[in-house]
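Novice: Supplied structure: model11.txt, compact mmCIF, C-alpha atoms.
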```
# COMPACT_ATOMS: atom_id res chain seq x y z
CA MET A 15 32.38 12.06 -4.70
CA LYS A 16 33.76 8.73 -3.51
CA ARG A 17 33.04 5.83 -5.85
CA PRO A 18 31.20 3.67 -3.22
CA PHE A 19 28.58 6.40 -2.92
CA SER A 20 28.31 7.43 -6.56
CA PHE A 21 25.25 5.24 -7.10
CA PHE A 22 23.37 6.99 -4.31
CA ALA A 23 23.84 10.35 -6.01
CA ARG A 24 21.42 9.28 -8.72
CA PRO A 25 17.68 9.91 -8.36
CA GLY A 26 17.11 6.29 -9.31
CA ALA A 27 18.76 5.23 -6.06
CA LEU A 28 16.03 6.93 -4.05
CA VAL A 29 13.34 5.27 -6.18
CA ALA A 30 14.97 1.83 -5.86
CA SER A 31 15.55 2.06 -2.11
CA GLY A 32 12.10 3.56 -1.53
CA THR A 33 10.49 0.73 -3.49
CA ALA A 34 12.47 -1.76 -1.39
CA LEU A 35 11.33 -0.11 1.85
CA ILE A 36 7.68 -0.35 0.78
CA ALA A 37 8.27 -3.98 -0.22
CA ALA A 38 9.69 -4.70 3.23
CA THR A 39 7.24 -2.80 5.44
CA TYR A 40 4.13 -3.89 3.53
CA GLY A 41 4.87 -7.15 1.71
CA LEU A 42 7.35 -8.76 4.09
CA VAL A 43 6.01 -7.47 7.39
CA ARG A 44 2.42 -6.26 7.48
CA LEU A 45 0.74 -8.38 4.80
CA ALA A 46 2.84 -11.51 5.44
CA TYR A 47 1.10 -12.02 8.79
CA GLY A 48 -1.72 -14.06 7.27
CA LEU A 49 0.70 -16.03 5.10
CA PHE A 50 2.75 -17.38 8.01
CA LEU A 51 -0.05 -17.44 10.60
CA PRO A 52 -1.01 -21.16 10.37
CA ASP A 53 2.55 -22.23 11.18
CA VAL A 54 2.85 -19.64 13.96
CA GLN A 55 -0.37 -20.93 15.50
CA ARG A 56 0.93 -24.49 15.59
CA SER A 57 4.28 -23.41 17.01
CA LEU A 58 3.03 -21.04 19.72
CA SER A 59 -0.42 -22.58 20.38
CA LEU A 60 -2.02 -19.34 19.22
CA GLY A 61 -5.80 -19.63 18.94
CA ASP A 62 -8.00 -18.13 16.23
CA GLY A 63 -9.47 -15.56 18.62
CA PRO A 64 -6.14 -14.08 19.75
CA ALA A 65 -4.87 -14.25 16.17
CA GLY A 66 -7.81 -12.10 15.10
CA LEU A 67 -7.17 -9.64 17.91
CA ILE A 68 -3.54 -9.33 16.80
CA ALA A 69 -4.71 -8.57 13.26
CA ALA A 70 -7.13 -5.94 14.56
CA GLY A 71 -4.46 -4.39 16.76
CA SER A 72 -2.05 -4.32 13.84
CA SER A 73 -4.56 -2.38 11.74
CA LEU A 74 -5.10 0.08 14.57
CA VAL A 75 -1.38 0.67 15.06
CA TYR A 76 -0.94 1.02 11.28
CA CYS A 77 -3.45 3.87 11.45
CA VAL A 78 -1.56 5.43 14.37
CA GLY A 79 1.64 5.25 12.33
CA ALA A 80 -0.06 6.85 9.34
CA LEU A 81 -1.45 9.65 11.52
CA VAL A 82 2.04 10.30 12.89
CA GLY A 83 3.19 10.43 9.28
CA PHE A 84 0.40 12.91 8.56
CA LEU A 85 1.92 15.30 11.09
CA LEU A 86 5.62 14.51 10.75
CA ALA A 87 6.37 13.52 7.14
CA PRO A 88 5.64 16.88 5.42
CA THR A 89 8.44 18.63 7.33
CA ARG A 90 10.61 15.78 8.69
CA PRO A 91 10.47 12.94 6.16
CA ARG A 92 13.90 11.54 7.11
CA THR A 93 12.86 11.17 10.73
CA THR A 94 9.68 9.46 9.56
CA VAL A 95 11.67 7.01 7.42
CA ALA A 96 13.91 6.18 10.38
CA LEU A 97 10.87 5.54 12.58
CA ALA A 98 9.29 3.37 9.88
CA SER A 99 12.38 1.22 9.45
CA ALA A 100 12.99 0.91 13.18
CA SER A 101 9.43 0.01 14.17
CA ALA A 102 8.96 -2.53 11.37
CA GLY A 103 12.45 -4.01 11.68
CA LEU A 104 12.54 -4.31 15.45
CA GLY A 105 8.93 -5.48 15.56
CA VAL A 106 9.41 -8.30 13.09
CA ALA A 107 12.68 -9.27 14.81
CA GLY A 108 10.68 -9.62 18.00
CA MET A 109 8.18 -11.80 16.16
CA ALA A 110 11.00 -14.05 14.91
CA THR A 111 12.47 -14.54 18.40
CA SER A 112 9.26 -14.63 20.45
CA ALA A 113 8.90 -17.59 22.80
CA THR A 114 5.27 -16.95 23.76
CA SER A 115 2.14 -15.91 21.91
CA ALA A 116 1.90 -12.77 24.08
CA VAL A 117 5.33 -11.53 23.01
CA PHE A 118 4.56 -12.45 19.41
CA GLY A 119 1.30 -10.49 19.49
CA VAL A 120 2.83 -7.33 20.95
CA THR A 121 5.74 -7.26 18.50
CA ALA A 122 3.46 -8.03 15.54
CA VAL A 123 1.30 -5.04 16.42
CA VAL A 124 4.35 -2.77 16.76
CA ALA A 125 5.72 -3.95 13.40
CA SER A 126 2.62 -2.72 11.54
CA ALA A 127 3.39 0.90 12.40
CA GLY A 128 6.27 0.84 9.93
CA ALA A 129 4.06 0.60 6.87
CA GLY A 130 1.86 3.47 8.05
CA LEU A 131 4.92 5.68 8.51
CA ALA A 132 6.72 4.67 5.33
CA SER A 133 4.14 5.72 2.73
CA PRO A 134 3.78 9.44 3.58
CA ALA A 135 7.51 9.76 4.20
CA LEU A 136 8.41 8.40 0.77
CA VAL A 137 5.74 10.49 -0.96
CA ARG A 138 7.40 13.56 0.53
CA LEU A 139 10.98 12.52 -0.26
CA VAL A 140 10.22 11.70 -3.89
CA GLN A 141 8.30 14.94 -4.30
CA ARG A 142 11.13 16.93 -2.75
CA ASP A 143 14.16 15.28 -4.34
CA LEU A 144 13.04 14.65 -7.92
CA PRO A 145 12.08 17.16 -10.62
CA ALA A 146 8.34 17.59 -11.10
CA GLY A 147 8.45 15.86 -14.46
CA ARG A 148 9.86 12.68 -12.93
CA ALA A 149 8.18 12.65 -9.52
CA ASP A 150 4.82 11.26 -10.69
CA GLY A 151 6.32 8.23 -12.40
CA ALA A 152 8.69 7.67 -9.49
CA GLN A 153 5.78 7.65 -7.05
CA ALA A 154 4.14 4.96 -9.17
CA VAL A 155 7.18 2.72 -8.95
CA VAL A 156 7.75 3.26 -5.23
CA ASN A 157 4.12 2.55 -4.38
CA SER A 158 4.27 -0.71 -6.37
CA GLY A 159 6.84 -2.08 -3.92
CA THR A 160 4.11 -3.98 -2.08
CA GLY A 161 3.96 -6.42 -4.99
CA PRO A 162 7.62 -7.51 -4.97
CA GLY A 163 7.40 -7.76 -1.18
CA LEU A 164 4.49 -10.19 -1.46
CA VAL A 165 6.38 -12.21 -4.07
CA VAL A 166 9.43 -12.51 -1.82
CA ALA A 167 7.22 -13.43 1.14
CA GLY A 168 5.57 -16.15 -0.93
CA LEU A 169 8.92 -17.52 -2.08
CA LEU A 170 10.21 -17.54 1.50
CA ALA A 171 7.11 -19.45 2.53
CA LEU A 172 7.61 -22.04 -0.20
CA VAL A 173 11.28 -22.54 0.71
CA LEU A 174 11.31 -22.17 4.49
CA LEU A 175 7.94 -23.14 5.97
CA PRO A 176 7.31 -24.37 8.59
CA ASP A 177 10.42 -22.40 9.70
CA TRP A 178 8.65 -19.07 9.98
CA ARG A 179 11.28 -17.67 12.36
CA THR A 180 14.00 -17.66 9.71
CA ALA A 181 11.66 -16.00 7.23
CA TRP A 182 10.88 -13.13 9.58
CA THR A 183 14.52 -12.79 10.63
CA ALA A 184 15.32 -12.19 6.98
CA ALA A 185 12.47 -9.66 6.80
CA ALA A 186 13.89 -7.77 9.80
CA ILE A 187 17.35 -7.51 8.22
CA VAL A 188 15.95 -6.35 4.88
CA THR A 189 13.72 -3.74 6.52
CA VAL A 190 16.56 -2.11 8.47
CA LEU A 191 18.91 -2.13 5.48
CA THR A 192 16.36 -0.62 3.09
CA GLY A 193 15.53 2.13 5.56
CA ALA A 194 19.22 2.99 5.82
CA ALA A 195 19.53 2.94 2.02
CA VAL A 196 16.67 5.45 1.67
CA LEU A 197 18.37 7.84 4.10
CA VAL A 198 21.71 7.58 2.27
CA ALA A 199 20.07 8.07 -1.14
CA ASP A 200 18.12 11.09 0.08
CA ALA A 201 21.27 12.65 1.53
CA HIS A 202 22.96 12.40 -1.87
CA THR A 203 20.05 13.47 -4.10
CA HIS A 204 18.27 16.16 -2.07
CA PRO A 205 18.52 19.40 -4.12
CA ARG A 206 19.96 21.53 -1.32
CA ARG A 207 21.26 24.03 -3.86
CA HIS A 208 17.71 24.98 -4.90
CA VAL A 209 16.39 28.21 -3.45
CA ARG A 210 12.88 26.79 -3.15
CA GLU A 211 11.06 23.52 -3.78
CA ASP A 212 8.43 22.83 -6.42
CA HIS A 213 5.93 22.05 -3.65
CA PRO A 214 6.78 23.94 -0.42
CA GLN A 215 5.12 22.32 2.59
CA PRO A 216 2.42 24.28 4.41
CA VAL A 217 2.84 24.39 8.17
CA GLY A 218 0.19 23.08 10.57
CA LEU A 219 -3.06 21.21 10.05
CA PRO A 220 -4.86 21.62 6.70
CA PRO A 221 -7.81 24.03 6.63
CA TRP A 222 -11.37 22.73 6.75
CA ASN A 223 -11.97 23.12 3.01
CA TRP A 224 -9.01 20.77 2.40
CA PHE A 225 -10.90 18.04 4.19
CA VAL A 226 -14.07 18.94 2.31
CA ALA A 227 -12.21 18.63 -1.00
CA HIS A 228 -11.18 15.10 0.04
CA GLY A 229 -14.73 13.97 0.78
CA ARG A 230 -15.15 11.83 -2.35
CA LEU A 231 -11.67 10.35 -1.94
CA VAL A 232 -12.42 9.32 1.65
CA VAL A 233 -15.62 7.56 0.59
CA VAL A 234 -14.07 5.57 -2.24
CA ALA A 235 -11.00 4.66 -0.15
CA LEU A 236 -13.31 3.36 2.58
CA LEU A 237 -15.27 1.30 0.05
CA LEU A 238 -12.13 -0.19 -1.50
CA GLY A 239 -10.78 -1.15 1.92
CA THR A 240 -14.08 -2.70 2.95
CA GLY A 241 -14.53 -4.70 -0.25
CA SER A 242 -10.92 -5.86 -0.57
CA ALA A 243 -10.94 -7.35 2.93
CA ALA A 244 -12.64 -10.51 1.66
CA VAL A 245 -9.65 -11.45 -0.50
CA TRP A 246 -7.01 -10.42 2.03
CA THR A 247 -8.74 -12.28 4.86
CA TYR A 248 -10.42 -15.30 3.26
CA GLY A 249 -8.70 -15.68 -0.11
CA ARG A 250 -6.51 -18.61 0.97
CA SER A 251 -9.32 -20.23 2.95
CA LEU A 252 -11.66 -20.04 -0.06
CA LEU A 253 -9.13 -21.82 -2.28
CA VAL A 254 -8.47 -24.53 0.29
CA ASP A 255 -12.21 -25.07 0.79
CA ALA A 256 -12.57 -25.34 -2.99
CA GLY A 257 -10.18 -28.29 -2.98
CA ALA A 258 -6.97 -26.49 -3.97
CA PRO A 259 -3.75 -27.94 -2.54
CA ALA A 260 -1.89 -25.90 0.07
CA SER A 261 0.91 -25.15 -2.40
CA LEU A 262 -1.59 -23.49 -4.75
CA SER A 263 -2.83 -21.19 -2.01
CA VAL A 264 0.76 -20.03 -1.41
CA LEU A 265 1.31 -19.60 -5.15
CA ALA A 266 -1.90 -17.55 -5.31
CA TRP A 267 -0.47 -15.27 -2.62
CA THR A 268 2.67 -14.92 -4.72
CA ALA A 269 0.46 -14.13 -7.72
CA LEU A 270 -1.00 -11.21 -5.76
CA GLY A 271 2.53 -9.88 -5.48
CA VAL A 272 3.25 -10.43 -9.17
CA GLY A 273 0.20 -8.34 -10.01
CA GLY A 274 1.31 -5.61 -7.62
CA ALA A 275 4.79 -5.58 -9.11
CA ALA A 276 3.30 -5.24 -12.60
CA VAL A 277 2.06 -1.76 -11.64
CA ALA A 278 5.56 -0.47 -12.31
CA LEU A 279 5.23 -1.70 -15.90
CA THR A 280 1.87 0.02 -16.45
CA ALA A 281 2.73 3.26 -14.66
CA ARG A 282 3.43 5.13 -17.91
CA VAL A 283 0.06 4.15 -19.39
CA LEU A 284 -1.87 5.01 -16.24
CA GLY A 285 0.13 8.22 -15.97
CA ARG A 286 -1.61 9.57 -19.06
CA LEU A 287 -4.96 9.41 -17.26
CA ARG A 288 -6.45 11.76 -14.73
CA ALA A 289 -6.21 10.33 -11.24
CA ARG A 290 -9.97 9.75 -10.90
CA THR A 291 -10.04 7.96 -14.27
CA ALA A 292 -7.15 5.76 -13.19
CA TRP A 293 -9.07 5.07 -9.99
CA THR A 294 -12.14 3.93 -11.92
CA VAL A 295 -10.11 1.56 -14.09
CA THR A 296 -8.08 0.03 -11.28
CA SER A 297 -10.86 -0.34 -8.71
CA ALA A 298 -13.05 -1.94 -11.40
CA ALA A 299 -10.25 -4.48 -11.90
CA VAL A 300 -10.37 -5.24 -8.17
CA ALA A 301 -14.12 -5.82 -8.39
CA VAL A 302 -13.78 -8.18 -11.37
CA ALA A 303 -10.97 -10.12 -9.66
CA THR A 304 -12.94 -10.43 -6.41
CA LEU A 305 -15.93 -11.82 -8.30
CA GLY A 306 -13.73 -14.23 -10.24
CA LEU A 307 -12.04 -15.55 -7.12
CA GLY A 308 -15.43 -15.94 -5.47
CA LEU A 309 -16.40 -18.36 -8.26
CA ALA A 310 -13.56 -20.74 -7.34
CA PRO A 311 -15.78 -23.08 -5.28
CA VAL A 312 -17.98 -23.79 -8.33
CA ALA A 313 -15.17 -23.91 -10.90
CA PRO A 314 -14.24 -27.26 -12.47
CA PRO A 315 -11.08 -28.75 -10.90
CA ALA A 316 -9.22 -28.42 -14.21
CA ALA A 317 -9.90 -24.67 -14.30
CA LEU A 318 -9.31 -23.95 -10.61
CA VAL A 319 -5.57 -23.35 -10.86
CA ALA A 320 -5.83 -20.97 -13.82
CA LEU A 321 -8.78 -19.11 -12.26
CA ALA A 322 -6.97 -18.66 -8.95
CA LEU A 323 -3.72 -17.43 -10.45
CA VAL A 324 -5.25 -15.10 -13.05
CA THR A 325 -7.69 -13.47 -10.65
CA CYS A 326 -4.99 -13.04 -7.99
CA VAL A 327 -2.66 -11.33 -10.48
CA LEU A 328 -5.51 -9.03 -11.54
CA PHE A 329 -6.45 -8.30 -7.92
CA GLY A 330 -2.84 -7.54 -6.96
CA TRP A 331 -2.44 -5.17 -9.92
CA GLY A 332 -5.77 -3.43 -9.40
CA TYR A 333 -5.40 -2.98 -5.65
CA THR A 334 -1.83 -1.65 -5.79
CA ALA A 335 -2.58 0.66 -8.73
CA ALA A 336 -5.75 1.91 -7.00
CA THR A 337 -3.80 2.91 -3.90
CA GLY A 338 -1.43 4.75 -6.20
CA ALA A 339 -4.37 6.51 -7.83
CA LEU A 340 -5.36 7.76 -4.37
CA ILE A 341 -1.92 9.34 -3.99
CA ALA A 342 -2.23 10.93 -7.42
CA TRP A 343 -5.72 12.20 -6.61
CA THR A 344 -4.77 13.87 -3.34
CA THR A 345 -1.81 15.41 -5.19
CA GLU A 346 -4.25 16.91 -7.70
CA VAL A 347 -6.26 18.36 -4.84
CA ASP A 348 -3.25 19.92 -3.11
CA ALA A 349 0.28 18.97 -4.17
CA GLY A 350 1.78 20.80 -1.21
CA ARG A 351 -0.03 18.47 1.20
CA ALA A 352 0.35 15.23 -0.75
CA ALA A 353 2.06 13.43 2.14
CA SER A 354 -0.71 14.43 4.55
CA GLY A 355 -3.40 13.40 2.07
CA THR A 356 -1.72 10.03 1.59
CA SER A 357 -1.75 9.45 5.36
CA VAL A 358 -5.44 10.28 5.68
CA LEU A 359 -6.54 8.15 2.74
CA PHE A 360 -4.44 5.14 3.76
CA VAL A 361 -5.84 5.33 7.30
CA VAL A 362 -9.36 5.27 5.85
CA LEU A 363 -8.39 2.39 3.55
CA VAL A 364 -7.15 0.26 6.46
CA LEU A 365 -10.14 1.16 8.61
CA GLY A 366 -12.31 -0.05 5.73
CA GLN A 367 -10.39 -3.32 5.68
CA ALA A 368 -10.97 -3.73 9.40
CA LEU A 369 -14.71 -3.11 8.95
CA GLY A 370 -14.88 -5.47 5.98
CA ALA A 371 -13.03 -8.23 7.79
CA ALA A 372 -15.26 -7.89 10.83
CA ALA A 373 -18.44 -7.93 8.73
CA ALA A 374 -17.28 -10.91 6.68
CA GLY A 375 -16.22 -12.81 9.79
CA THR A 376 -19.66 -12.30 11.29
CA VAL A 377 -21.58 -13.90 8.42
CA VAL A 378 -19.15 -16.20 6.61
CA ALA A 379 -19.87 -19.19 8.86
CA THR A 380 -23.59 -18.81 8.16
CA VAL A 381 -23.80 -17.90 4.48
CA GLY A 382 -20.46 -19.19 3.19
CA THR A 383 -17.67 -17.53 1.24
CA GLY A 384 -19.61 -17.23 -2.03
CA PRO A 385 -22.11 -14.61 -0.82
CA VAL A 386 -19.37 -12.81 1.10
CA PHE A 387 -17.28 -12.42 -2.06
CA ALA A 388 -20.37 -11.34 -4.02
CA ALA A 389 -21.07 -8.62 -1.48
CA ALA A 390 -17.43 -7.56 -1.52
CA THR A 391 -17.59 -7.29 -5.31
CA ALA A 392 -20.61 -5.00 -5.05
CA VAL A 393 -18.86 -2.74 -2.55
CA VAL A 394 -15.73 -2.35 -4.69
CA ALA A 395 -17.86 -1.83 -7.80
CA ALA A 396 -19.61 1.02 -6.00
CA ALA A 397 -16.21 2.59 -5.32
CA ALA A 398 -15.47 2.49 -9.05
CA LEU A 399 -18.87 3.77 -10.17
CA LEU A 400 -18.83 6.74 -7.80
CA THR A 401 -16.19 8.36 -10.01
CA VAL A 402 -17.69 7.59 -13.41
CA ARG A 403 -20.01 10.60 -13.36
CA ALA A 404 -17.52 12.86 -11.61
CA PRO A 405 -17.12 16.23 -13.33
CA ALA A 406 -14.11 16.52 -15.61
CA GLY A 407 -13.17 19.90 -14.19
CA ARG A 408 -9.93 20.68 -12.52
CA GLY A 409 -9.11 19.54 -9.00
CA THR A 410 -9.83 21.86 -6.09
CA ARG A 411 -7.19 23.01 -3.72
CA PRO A 412 -7.59 25.22 -0.71
CA GLY A 413 -5.47 28.19 0.07
CA PRO A 414 -3.78 30.75 -2.16
CA ALA A 415 -2.37 29.70 -5.48
CA ARG A 416 1.33 28.96 -5.56
CA ARG A 417 3.82 30.12 -8.12
CA SER A 418 4.21 27.94 -11.14
CA SER A 419 6.83 25.22 -10.97
CA PRO A 420 9.86 25.72 -13.21
CA HIS A 421 9.16 22.21 -14.51
CA ALA A 422 5.56 22.92 -15.46
CA ARG A 423 4.38 22.68 -19.05
CA PRO A 424 3.87 25.98 -20.85
CA GLY A 425 0.42 27.27 -20.06
CA ALA A 426 -0.15 24.67 -17.31
CA PRO A 427 -1.76 25.70 -14.03
CA ALA A 428 0.41 26.36 -11.00
CA ALA A 429 1.73 23.31 -9.21
CA GLY A 430 -0.95 21.86 -6.98
CA GLY A 431 -3.43 24.49 -8.09
CA GLY A 432 -5.77 22.11 -9.83
CA SER A 433 -3.07 20.85 -12.17
CA ARG A 434 -3.47 17.40 -13.59
CA ALA A 435 -1.25 14.76 -12.05
CA ARG A 436 0.73 13.18 -14.88
CA GLY A 437 1.27 9.92 -13.08
CA THR A 438 -0.49 7.53 -10.79
CA ARG A 439 1.07 5.42 -8.13
```
Can you dump the structure from the file as structure tokens?
Specialist:
Amino acid sequence: MKRPFSFFARPGALVASGTALIAATYGLVRLAYGLFLPDVQRSLSLGDGPAGLIAAGSSLVYCVGALVGFLLAPTRPRTTVALASASAGLGVAGMATSATSAVFGVTAVVASAGAGLASPALVRLVQRDLPAGRADGAQAVVNSGTGPGLVVAGLLALVLLPDWRTAWTAAAIVTVLTGAAVLVADAHTHPRRHVREDHPQPVGLPPWNWFVAHGRLVVVALLLGTGSAAVWTYGRSLLVDAGAPASLSVLAWTALGVGGAAVALTARVLGRLRARTAWTVTSAAVAVATLGLGLAPVAPPAALVALALVTCVLFGWGYTAATGALIAWTTEVDAGRAASGTSVLFVVLVLGQALGAAAAGTVVATVGTGPVFAAATAVVAAAALLTVRAPAGRGTRPGPARRSSPHARPGAPAAGGGSRARGTR
């Protein structure tokens, strides 16, 4: 093997490039919209109403991308990665060069498809290319890429704003390069010599009992999305209204990313828990952080900075780890359809965010941010409590049992057949 490509022959290259692609498509593209929006509005004379419609359209197109991933990623993950990188990269490049608000809006909506495509594709690649004993931990690290992406977006904002065009030009370049790196790493690590995979992919749509087995997951994902929307939508506004300087609101955004990045450090600890237990712990952290941030308007000025930064780190960790727990949970239900399950649950999560943002926007002008954050806390707390009394029995998976993985522990159930996921993402 030629020396320039020796690094890509290592499984760690796929994990590193996959983490970078998630960082780009989520942290630098999709979630950075709200970070740079005030400067975009001043530059392009973009009103609050159209800005909200762009955000709604972006969520809708994210869901479309995730649904395409649902169908395509299980059997053609490389094609899905290419589509993710192209849609996000070209979309954000269009945002950076747009001369009118109309062009900006269309390209911003297109860019959001990349994140929806990237997640199921990377779940499938990691599951296919890495041994079963390493795949769970690798998924945890890859899924935590949102955090570093948010950190980089925050740093770009601190250094470059009000020059939002340069920031998104950099995001476009990074997104295309990371997508290419994933494809190169996969080409050098895919175990083509293996006669079969640990988790062969079923063909076609899942059976009805697969969807039934995901009922509880759908409910809690919807609740997390709905409750987390308050922080994602009004977190900066709440801090500014509480008297925090603009620089603190940007630092708080960066703190969200620091918390998300910390998931990679706690992956081993969370990996010892069942997926539903990890979900309870992480979603409870989101609830506590949401409540804490909601107290910012009544906090003493001396404590405001510490409260904002601590709660944002906790929220970023909890939210990112909770989305990883969803991936682990759907893997427990049916490992062979983990990519499809990830697509469905992430679609529900984003739909919940859209519902939560719409509900909060309807009442925030009347009741204020305090009650909105209190209600959001209650919704996320419900998502955590719904799993506390869940039975400790094994996960349910439809279809015939598969042969045991060669990497399985002695005496462990067959892969995907109710086996316990040893990691959370």
Novice: Write out as a list in words which residues come within 10 Å of Thr114 of chain A when counting only C-alpha atoms, dropping same-chain ones fewer than 6 positions away.
Specialist: Ser57, Leu58, Ser59 and Leu60 of chain A
Novice: What are the nearest atom pairs, with distances in Å to one decimal, for all residues of segment 272-344 of chain A that come at most 8 Å from segment 227-244 of chain A, using only C-alpha atoms, set out by chain and rising residue number as a Markdown table?
Specialist:
```
| residue | atom | partner | partner_atom | distance |
| --- | --- | --- | --- | --- |
| A:Ser297 | CA | A:Leu238 | CA | 7.3 |
| A:Val300 | CA | A:Ser242 | CA | 7.6 |
| A:Thr304 | CA | A:Ser242 | CA | 7.7 |
| A:Leu340 | CA | A:Leu231 | CA | 7.2 |
| A:Trp343 | CA | A:Leu231 | CA | 7.8 |
| A:Thr344 | CA | A:His228 | CA | 7.4 |
```
Novice: May I ask which of the residues A:Leu74, A:Ala303, A:Ala342, A:Leu309 is the closest one to Asp150 of chain A, counting all atoms listed in the file?
Specialist: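 Distance minimum relative to Asp150 of chain A lands on A:Ala342.
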Novice: Would you compute the distance between atom CA of Ser112 of chain A and atom CA of Gly130 of chain A? Give it in Å to one decimal.
Specialist: 23.2 Å
Novice: Rounded to one decimal, what separation in Å do you get between atom CA of Ala320 of chain A and atom CA of Leu262 of chain A?
Specialist: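 Computed distance, atom CA of Ala320 of chain A to atom CA of Leu262 of chain A, equals 10.3 Å.
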Novice: Provide an axis-aligned box for all listed atoms of segment 358-374 of chain A, padding each side by 3 Å; report its centre and its edge lengths in Å to one decimal, as JSON.
Specialist:
```
{"center_x": -11.4, "center_y": -0.3, "center_z": 6.8, "size_x": 20.0, "size_y": 27.2, "size_z": 14.1}
```
Novice: Which residue, A:Gly151, A:Pro311, A:Gly79, A:Gly332, has the smallest gap to Val394 of chain A when you use all atoms listed in the file?
Specialist: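 Smallest distance to Val394 of chain A is found for A:Gly332.
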Novice: Record the distance separating atom CA of Gly382 of chain A and atom CA of Thr334 of chain A, expressed in Å with one decimal.
Specialist: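 It comes out at 27.1 Å.
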Novice: Env of Leu321 of chain A: 9 Å cut, atoms = all atoms listed in the file, seq-sep filter 4 positions within chain, self excluded. Answer as a list in words.
Specialist: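 The filter keeps Gly306, Leu307, Leu309, Ala310, Ala313, Ala317, Thr325 and Cys326 of chain A.
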